[in-house]
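A.B. asks: Pasting start.txt here (compact mmCIF, C-alpha atoms and all ligand atoms):
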```txt
# COMPACT_ATOMS: atom_id res chain seq x y z
CA MET N 1 139.42 120.43 63.63
CA LYS N 2 135.65 120.69 63.10
CA ASP N 3 133.56 120.75 66.27
CA PHE N 4 130.77 118.24 65.57
CA TYR N 5 129.11 118.86 68.94
CA SER N 6 129.02 122.67 68.76
CA PHE N 7 125.38 122.76 67.70
CA ILE N 8 124.02 120.44 70.40
CA ALA N 9 126.39 121.37 73.25
CA PRO N 10 124.07 124.11 74.63
CA PHE N 11 121.13 121.72 75.12
CA TYR N 12 122.76 118.25 75.22
CA SER N 13 122.23 117.68 78.96
CA PHE N 14 118.71 119.13 78.88
CA LEU N 15 117.74 116.75 76.06
CA SER N 16 119.23 113.66 77.67
CA LYS N 17 117.38 114.44 80.91
CA LEU N 18 114.17 115.01 78.98
CA VAL N 19 114.38 111.57 77.34
CA PHE N 20 115.99 109.51 80.13
CA GLY N 21 115.24 111.37 83.37
CA ASN N 22 117.98 110.68 85.91
CA ASP N 23 118.89 107.24 84.50
CA LEU N 24 121.99 108.30 82.55
CA ASN N 25 123.25 110.42 85.43
CA ASP N 26 122.67 107.54 87.91
CA LEU N 27 124.80 105.25 85.75
CA LYS N 28 127.58 107.83 85.42
CA ILE N 29 127.93 108.28 89.19
CA ARG N 30 127.02 104.76 90.42
CA PHE N 31 130.63 103.57 90.77
CA VAL N 32 132.21 106.86 91.84
CA SER N 33 134.07 106.25 95.10
CA ASN N 34 137.07 107.40 97.15
CA LEU N 35 137.92 110.15 94.68
CA TYR N 36 140.31 111.85 97.08
CA GLN N 37 142.68 108.86 96.62
CA LYS N 38 142.49 108.77 92.82
CA LYS N 39 143.81 110.40 89.69
CA ILE N 40 141.04 110.19 87.09
CA LEU N 41 141.19 110.35 83.29
CA ILE N 42 137.90 111.44 81.70
CA ILE N 43 137.66 111.10 77.91
CA GLY N 44 134.72 112.61 76.00
CA GLY N 45 133.19 113.95 79.20
CA GLY N 46 130.91 116.39 77.39
CA ASP N 47 129.76 119.43 79.38
CA GLY N 48 130.83 117.88 82.70
CA LEU N 49 127.50 118.63 84.42
CA ASP N 50 127.23 115.10 85.83
CA TYR N 51 130.38 115.55 87.91
CA ARG N 52 129.62 118.99 89.33
CA GLU N 53 128.42 117.78 92.75
CA PHE N 54 131.75 116.13 93.63
CA GLN N 55 134.09 118.24 91.52
CA SER N 56 136.20 119.42 94.45
CA ASP N 57 137.41 115.80 94.85
CA LEU N 58 138.19 115.38 91.14
CA GLU N 59 141.83 115.38 90.11
CA GLY N 60 143.32 114.24 86.80
CA GLU N 61 142.76 115.00 83.11
CA TYR N 62 139.65 115.83 81.09
CA TRP N 63 139.81 115.32 77.31
CA GLU N 64 137.23 116.56 74.83
CA LEU N 65 137.14 116.65 71.06
CA SER N 66 134.51 119.40 71.05
CA GLU N 67 135.62 122.91 71.89
CA ALA N 68 132.04 123.91 72.79
CA MET N 69 131.68 120.98 75.21
CA LEU N 70 135.11 121.63 76.72
CA ARG N 71 134.28 125.30 77.32
CA LYS N 72 131.17 124.25 79.24
CA ALA N 73 133.07 121.58 81.20
CA LYS N 74 135.69 124.12 82.27
CA LYS N 75 132.92 126.33 83.66
CA ASN N 76 130.90 123.51 85.25
CA LEU N 77 134.00 121.97 86.85
CA ALA N 78 135.88 125.16 87.69
CA GLN N 79 136.33 124.05 91.34
CA SER N 80 137.93 120.71 90.36
CA LYS N 81 141.66 119.95 90.16
CA LEU N 82 141.28 118.59 86.62
CA THR N 83 143.39 119.82 83.73
CA PHE N 84 141.41 120.31 80.53
CA HIS N 85 142.60 119.21 77.08
CA LEU N 86 141.13 119.76 73.64
CA GLY N 87 141.63 116.94 71.12
CA ASP N 88 142.21 113.21 70.86
CA PHE N 89 143.70 111.65 73.98
CA ARG N 90 147.36 110.77 73.53
CA SER N 91 148.85 108.38 76.07
CA ASN N 92 152.01 109.24 77.92
CA PRO N 93 153.15 106.15 79.85
CA LYS N 94 154.76 108.43 82.45
CA ASN N 95 151.31 109.75 83.24
CA GLN N 96 149.37 106.92 84.94
CA PHE N 97 145.76 106.99 86.19
CA ASP N 98 143.78 105.17 88.88
CA GLU N 99 140.56 105.20 86.89
CA ILE N 100 139.43 106.02 83.35
CA TRP N 101 135.85 107.19 82.77
CA LEU N 102 134.39 106.52 79.33
CA HIS N 103 130.75 107.54 79.37
CA PHE N 104 128.70 107.51 76.19
CA VAL N 105 131.77 108.11 74.05
CA LEU N 106 132.96 104.71 72.79
CA ASP N 107 130.04 104.36 70.38
CA THR N 108 131.57 107.24 68.40
CA PHE N 109 134.42 104.88 67.37
CA PRO N 110 134.24 102.37 64.49
CA ASP N 111 135.18 98.83 65.70
CA PHE N 112 138.81 98.85 64.54
CA GLU N 113 139.44 102.27 66.16
CA LEU N 114 137.77 101.11 69.38
CA GLU N 115 140.20 98.19 69.68
CA GLN N 116 143.20 100.47 69.11
CA PHE N 117 141.83 102.99 71.58
CA LEU N 118 141.37 100.42 74.37
CA LEU N 119 144.94 99.18 73.90
CA GLU N 120 146.17 102.78 73.96
CA ILE N 121 144.46 103.70 77.23
CA LYS N 122 145.57 100.41 78.82
CA LYS N 123 149.11 101.85 78.72
CA VAL N 124 148.18 104.60 81.20
CA LEU N 125 146.25 102.44 83.69
CA LYS N 126 148.03 101.56 86.91
CA PRO N 127 147.90 97.83 87.85
CA HIS N 128 144.49 96.96 89.43
CA SER N 129 143.04 100.23 88.15
CA LYS N 130 139.61 100.33 86.55
CA ILE N 131 137.86 101.49 83.44
CA TYR N 132 134.42 102.86 84.24
CA LEU N 133 132.07 102.61 81.26
CA ALA N 134 128.48 103.84 80.96
CA ASP N 135 126.75 103.38 77.64
CA PHE N 136 123.91 102.04 75.51
CA PHE N 137 123.73 98.36 74.78
CA LYS N 138 121.27 96.48 72.53
CA PRO N 139 117.71 97.83 72.91
CA GLN N 140 115.41 95.28 74.58
CA SER N 141 111.98 96.17 73.22
CA ASN N 142 110.30 97.74 70.20
CA VAL N 143 109.87 101.06 72.04
CA GLN N 144 113.59 101.08 72.92
CA ARG N 145 114.51 100.13 69.34
CA THR N 146 112.46 103.07 68.04
CA ILE N 147 113.99 105.56 70.49
CA HIS N 148 117.47 104.20 69.79
CA SER N 149 117.10 104.44 65.99
CA SER N 150 115.75 108.01 66.32
CA MET N 151 118.72 108.97 68.48
CA LEU N 152 121.14 107.51 65.94
CA VAL N 153 119.49 109.51 63.16
CA PHE N 154 119.66 112.66 65.33
CA PHE N 155 123.37 112.16 66.07
CA ARG N 156 124.15 111.25 62.44
CA VAL N 157 122.54 114.51 61.30
CA PHE N 158 123.92 116.83 63.99
CA THR N 159 127.27 115.27 64.99
CA GLN N 160 128.26 113.17 61.95
CA HIS N 161 127.94 110.06 64.17
CA GLN N 162 129.37 107.18 62.11
CA ARG N 163 127.83 104.03 63.55
CA THR N 164 124.43 102.51 62.87
CA ASP N 165 124.75 100.06 65.78
CA VAL N 166 126.29 99.81 69.25
CA PRO N 167 129.75 98.28 69.67
CA ASP N 168 129.98 94.82 71.22
CA TYR N 169 131.65 96.07 74.39
CA GLU N 170 132.05 92.63 75.96
CA GLU N 171 133.98 91.46 72.90
CA ALA N 172 136.04 94.66 72.51
CA PHE N 173 137.09 94.82 76.18
CA GLY N 174 137.74 91.06 76.27
CA LYS N 175 139.96 91.29 73.17
CA ALA N 176 141.88 94.17 74.70
CA GLY N 177 142.60 92.04 77.78
CA PHE N 178 140.07 93.37 80.29
CA GLN N 179 137.63 91.53 82.52
CA LYS N 180 134.37 92.86 83.90
CA VAL N 181 134.18 93.14 87.70
CA ASP N 182 130.90 94.98 88.29
CA GLU N 183 127.81 96.09 86.43
CA MET N 184 124.59 98.02 86.94
CA LYS N 185 121.75 97.76 84.41
CA LYS N 186 118.85 100.09 83.75
CA ARG N 187 115.89 99.75 81.39
CA LYS N 188 116.28 95.94 81.18
CA GLY N 189 119.94 96.21 80.20
CA TRP N 190 119.57 98.75 77.40
CA ILE N 191 121.79 101.15 79.35
CA ARG N 192 124.51 99.95 81.68
CA ALA N 193 127.41 101.01 83.86
CA GLN N 194 130.34 98.60 84.01
CA LEU N 195 133.73 98.38 85.70
CA TRP N 196 136.58 96.66 83.86
CA VAL N 197 140.08 95.76 85.05
CA SER N 198 143.07 94.48 83.15
CA ALA N 199 142.83 90.65 83.20
CA ALA N 200 146.55 90.50 84.03
CA SER N 201 146.19 92.54 87.22
C1 LIG D 1 127.51 111.52 73.25
S1 LIG D 1 128.58 112.72 73.96
C2 LIG D 1 128.68 112.17 75.64
C3 LIG D 1 129.12 113.24 76.58
C4 LIG D 1 129.23 112.83 78.06
N1 LIG D 1 130.24 111.81 78.25
C5 LIG D 1 127.92 112.34 78.60
O1 LIG D 1 127.85 111.21 79.09
O2 LIG D 1 126.95 113.10 78.58
C6 LIG D 1 130.14 112.21 73.31
C7 LIG D 1 131.24 113.21 73.64
O3 LIG D 1 132.48 112.59 73.37
C8 LIG D 1 133.33 113.52 72.72
N2 LIG D 1 134.31 112.70 71.96
C9 LIG D 1 134.08 111.86 70.94
N3 LIG D 1 135.23 111.25 70.56
C10 LIG D 1 136.21 111.72 71.39
C11 LIG D 1 137.60 111.48 71.50
N4 LIG D 1 138.23 110.64 70.70
N5 LIG D 1 138.29 112.15 72.46
C12 LIG D 1 137.66 113.01 73.29
N6 LIG D 1 136.34 113.28 73.22
C13 LIG D 1 135.61 112.65 72.28
C14 LIG D 1 132.39 114.35 71.87
O4 LIG D 1 132.96 115.60 71.56
C15 LIG D 1 131.18 114.48 72.80
O5 LIG D 1 131.27 115.59 73.64
```
Would you mind writing the file's structure down as structure tokens?

C.D. replies:
Amino acid sequence: MKDFYSFIAPFYSFLSKLVFGNDLNDLKIRFVSNLYQKKILIIGGGDGLDYREFQSDLEGEYWELSEAMLRKAKKNLAQSKLTFHLGDFRSNPKNQFDEIWLHFVLDTFPDFELEQFLLEIKKVLKPHSKIYLADFFKPQSNVQRTIHSSMLVFFRVFTQHQRTDVPDYEEAFGKAGFQKVDEMKKRKGWIRAQLWVSAAS
């Protein structure tokens, strides 16, 4: 499998901090709580730097499609109790999680794959468990639109990013049977952290 993130993995975190300061990190840790009671599933976690501070409380699974990113995550989170997996997440209904973290990864899926993916991960969520999403939403100003378009071009060139827009997360999660229970917005709503639970729970 080709590693589309191998080129940018060494400076991914540096670049995102350069452009967004601490905003992305703030969103990725805003809803982290009571980790010692939870088994966490992290999909597309990148280099794992954001979770380093509380890694000793992290237990669960870490899935990455990029070998370069996974190598970095294993180093950055060496003190965690996570198990690390290379490839596409495959659900095993016997293996249930208390929380699933999906940060800046769902926009790599075309719409029809996103719907399938949300239904797939729903199978491994315990009742009342949460999906924790941090991601880009629609840009709210011309400056944001310019930065966003430039980022998309960058990712299309270096990571074969497929989309030219952001998914409609409200619609996709709603269709998959989730309801939003909390949200934090930054930059007038361009970037957000959200918590979703299964509507049936
Ligand atoms: C834009 S980066 C975000 C990394 C990290 N979550 C962050 O917030 O900095 C997207 C990451 O998701 C990974 N990825 C994309 N699709 C994936 C999938 N289906 N399963 C696991 N990882 C995936 C990529 O390899 C890449 O490291």

A.B. asks: Considering only C-alpha atoms and all ligand atoms, state which residue in the set N:Asn34, N:Asn22, N:Ser56, N:Gln144 is at the smallest distance from ligand LIG 1 (chain D).

C.D. replies: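 Checking each of N:Asn34, N:Asn22, N:Ser56, N:Gln144 against ligand LIG 1 (chain D), counting only C-alpha atoms and all ligand atoms, the winner is N:Asn22.
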
A.B. asks: So how far away is CA of Phe136 (chain N) from CA of Leu152 (chain N), in Å?

C.D. replies: 11.4 Å

A.B. asks: What does the distance between CA of Leu119 (chain N) and CA of Gln162 (chain N) come to in Å, to one decimal place?

C.D. replies: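 These atoms are spaced 21.1 Å apart.
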
A.B. asks: Find the residues near ligand LIG 1 (chain D). Use a cut-off of 10 Å, count all atoms listed in the file, and write them as a ChimeraX atom specification.

C.D. replies: /N:3-6,8-9,12-13,16-17,24-25,27-28,42-50,62-70,73,85-90,101-109,113-114,117,133-135,155,159,161

A.B. asks: Provide the CA of Lys175 (chain N) to CA of Lys126 (chain N) distance in Å, to one decimal place.

C.D. replies: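 These two atoms are separated by 19.0 Å.
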
A.B. asks: From the set N:Ser149, N:Gln140, N:Gln55, N:Gln37, which residue has the shortest atom-to-atom contact distance to Phe97 (chain N), counting all atoms listed in the file?

C.D. replies: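 Answer, going by the shortest atom-to-atom distance: N:Gln37.
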
A.B. asks: Of the candidates N:Val32, N:Val181, N:Val153, N:Val124, which one gets nearest to Lys94 (chain N) if we count all atoms listed in the file?

C.D. replies: N:Val124

A.B. asks: Fewer than 2 positions away in the same chain doesn't count, so skip those; otherwise give me all residues within 9 Å of Gly60 (chain N), counting all atoms listed in the file, as a VMD selection string.

C.D. replies: chain N and resid 38 to 42 58 62 81 to 84 97

A.B. asks: Closest to Tyr51 (chain N) among N:Lys122, N:Arg30, N:Lys130, N:Arg163, using all atoms listed in the file?

C.D. replies: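 Among the listed residues, the smallest separation from Tyr51 (chain N) belongs to N:Arg30.
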
A.B. asks: So that I can check the surroundings of Phe54 (chain N), please list as a count of residues only every protein, DNA and RNA residue that reaches within 10 Å of it, counting all atoms listed in the file and ignoring chain neighbours fewer than 5 positions away.

C.D. replies: 6

A.B. asks: Smallest atom-to-atom distance to Ala200 (chain N): which of N:Ala78, N:Glu59, N:Gln179, N:Lys123, using all atoms listed in the file?

C.D. replies: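 When distances to Ala200 (chain N) are compared using all atoms listed in the file, the smallest one comes from N:Gln179.
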
A.B. asks: Considering all atoms listed in the file, state which residue in the set N:His128, N:Glu99, N:Arg187, N:Asn76 is at the smallest distance from Val143 (chain N).

C.D. replies: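 Once distances to Val143 (chain N) are computed over all atoms listed in the file, the minimum belongs to N:Arg187.
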
A.B. asks: Quick one: region 154-173 of chain N with N, CA, C and O atoms, as an mmCIF file, keeping the file's coordinate frame?

C.D. replies:
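Writing done, so here's selection14.cif:
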```
data_model
loop_
_atom_site.group_PDB
_atom_site.id
_atom_site.type_symbol
_atom_site.label_atom_id
_atom_site.label_comp_id
_atom_site.auth_asym_id
_atom_site.auth_seq_id
_atom_site.Cartn_x
_atom_site.Cartn_y
_atom_site.Cartn_z
ATOM 1 N N PHE N 154 119.384 111.312 64.798
ATOM 2 C CA PHE N 154 119.660 112.660 65.330
ATOM 3 C C PHE N 154 121.176 112.915 65.376
ATOM 4 O O PHE N 154 121.666 113.930 64.885
ATOM 5 N N PHE N 155 121.911 111.951 65.941
ATOM 6 C CA PHE N 155 123.370 112.160 66.070
ATOM 7 C C PHE N 155 124.084 112.094 64.710
ATOM 8 O O PHE N 155 125.082 112.775 64.504
ATOM 9 N N ARG N 156 123.537 111.283 63.781
ATOM 10 C CA ARG N 156 124.150 111.250 62.440
ATOM 11 C C ARG N 156 123.991 112.608 61.765
ATOM 12 O O ARG N 156 124.910 113.114 61.135
ATOM 13 N N VAL N 157 122.816 113.216 61.939
ATOM 14 C CA VAL N 157 122.540 114.510 61.300
ATOM 15 C C VAL N 157 123.358 115.625 61.959
ATOM 16 O O VAL N 157 124.006 116.420 61.282
ATOM 17 N N PHE N 158 123.343 115.663 63.314
ATOM 18 C CA PHE N 158 123.920 116.830 63.990
ATOM 19 C C PHE N 158 125.388 116.678 64.402
ATOM 20 O O PHE N 158 126.069 117.667 64.651
ATOM 21 N N THR N 159 125.881 115.416 64.517
ATOM 22 C CA THR N 159 127.270 115.270 64.990
ATOM 23 C C THR N 159 128.112 114.400 64.055
ATOM 24 O O THR N 159 129.238 114.036 64.419
ATOM 25 N N GLN N 160 127.555 114.048 62.901
ATOM 26 C CA GLN N 160 128.260 113.170 61.950
ATOM 27 C C GLN N 160 128.590 111.816 62.588
ATOM 28 O O GLN N 160 129.606 111.204 62.254
ATOM 29 N N HIS N 161 127.751 111.370 63.529
ATOM 30 C CA HIS N 161 127.940 110.060 64.170
ATOM 31 C C HIS N 161 128.052 108.986 63.084
ATOM 32 O O HIS N 161 127.233 108.932 62.170
ATOM 33 N N GLN N 162 129.086 108.099 63.208
ATOM 34 C CA GLN N 162 129.370 107.180 62.110
ATOM 35 C C GLN N 162 128.639 105.842 62.179
ATOM 36 O O GLN N 162 128.371 105.220 61.173
ATOM 37 N N ARG N 163 128.333 105.399 63.414
ATOM 38 C CA ARG N 163 127.830 104.030 63.550
ATOM 39 C C ARG N 163 126.319 103.960 63.354
ATOM 40 O O ARG N 163 125.591 104.921 63.613
ATOM 41 N N THR N 164 125.874 102.737 62.941
ATOM 42 C CA THR N 164 124.430 102.510 62.870
ATOM 43 C C THR N 164 124.036 101.451 63.914
ATOM 44 O O THR N 164 122.914 100.985 63.947
ATOM 45 N N ASP N 165 125.009 101.073 64.751
ATOM 46 C CA ASP N 165 124.750 100.060 65.780
ATOM 47 C C ASP N 165 125.531 100.437 67.032
ATOM 48 O O ASP N 165 126.203 101.464 67.058
ATOM 49 N N VAL N 166 125.442 99.582 68.069
ATOM 50 C CA VAL N 166 126.290 99.810 69.250
ATOM 51 C C VAL N 166 127.447 98.817 69.198
ATOM 52 O O VAL N 166 127.272 97.687 68.736
ATOM 53 N N PRO N 167 128.624 99.235 69.665
ATOM 54 C CA PRO N 167 129.750 98.280 69.670
ATOM 55 C C PRO N 167 129.447 97.086 70.574
ATOM 56 O O PRO N 167 128.661 97.208 71.508
ATOM 57 N N ASP N 168 130.079 95.956 70.307
ATOM 58 C CA ASP N 168 129.980 94.820 71.220
ATOM 59 C C ASP N 168 131.063 95.024 72.290
ATOM 60 O O ASP N 168 132.220 94.634 72.117
ATOM 61 N N TYR N 169 130.654 95.681 73.383
ATOM 62 C CA TYR N 169 131.650 96.070 74.390
ATOM 63 C C TYR N 169 132.303 94.871 75.058
ATOM 64 O O TYR N 169 133.487 94.886 75.363
ATOM 65 N N GLU N 170 131.493 93.818 75.301
ATOM 66 C CA GLU N 170 132.050 92.630 75.960
ATOM 67 C C GLU N 170 133.191 92.069 75.114
ATOM 68 O O GLU N 170 134.259 91.726 75.626
ATOM 69 N N GLU N 171 132.961 91.999 73.798
ATOM 70 C CA GLU N 171 133.980 91.460 72.900
ATOM 71 C C GLU N 171 135.200 92.395 72.835
ATOM 72 O O GLU N 171 136.344 91.957 72.950
ATOM 73 N N ALA N 172 134.936 93.705 72.671
ATOM 74 C CA ALA N 172 136.040 94.660 72.510
ATOM 75 C C ALA N 172 136.920 94.710 73.764
ATOM 76 O O ALA N 172 138.155 94.673 73.669
ATOM 77 N N PHE N 173 136.299 94.760 74.954
ATOM 78 C CA PHE N 173 137.090 94.820 76.180
ATOM 79 C C PHE N 173 137.812 93.488 76.424
ATOM 80 O O PHE N 173 138.961 93.466 76.857
#
```
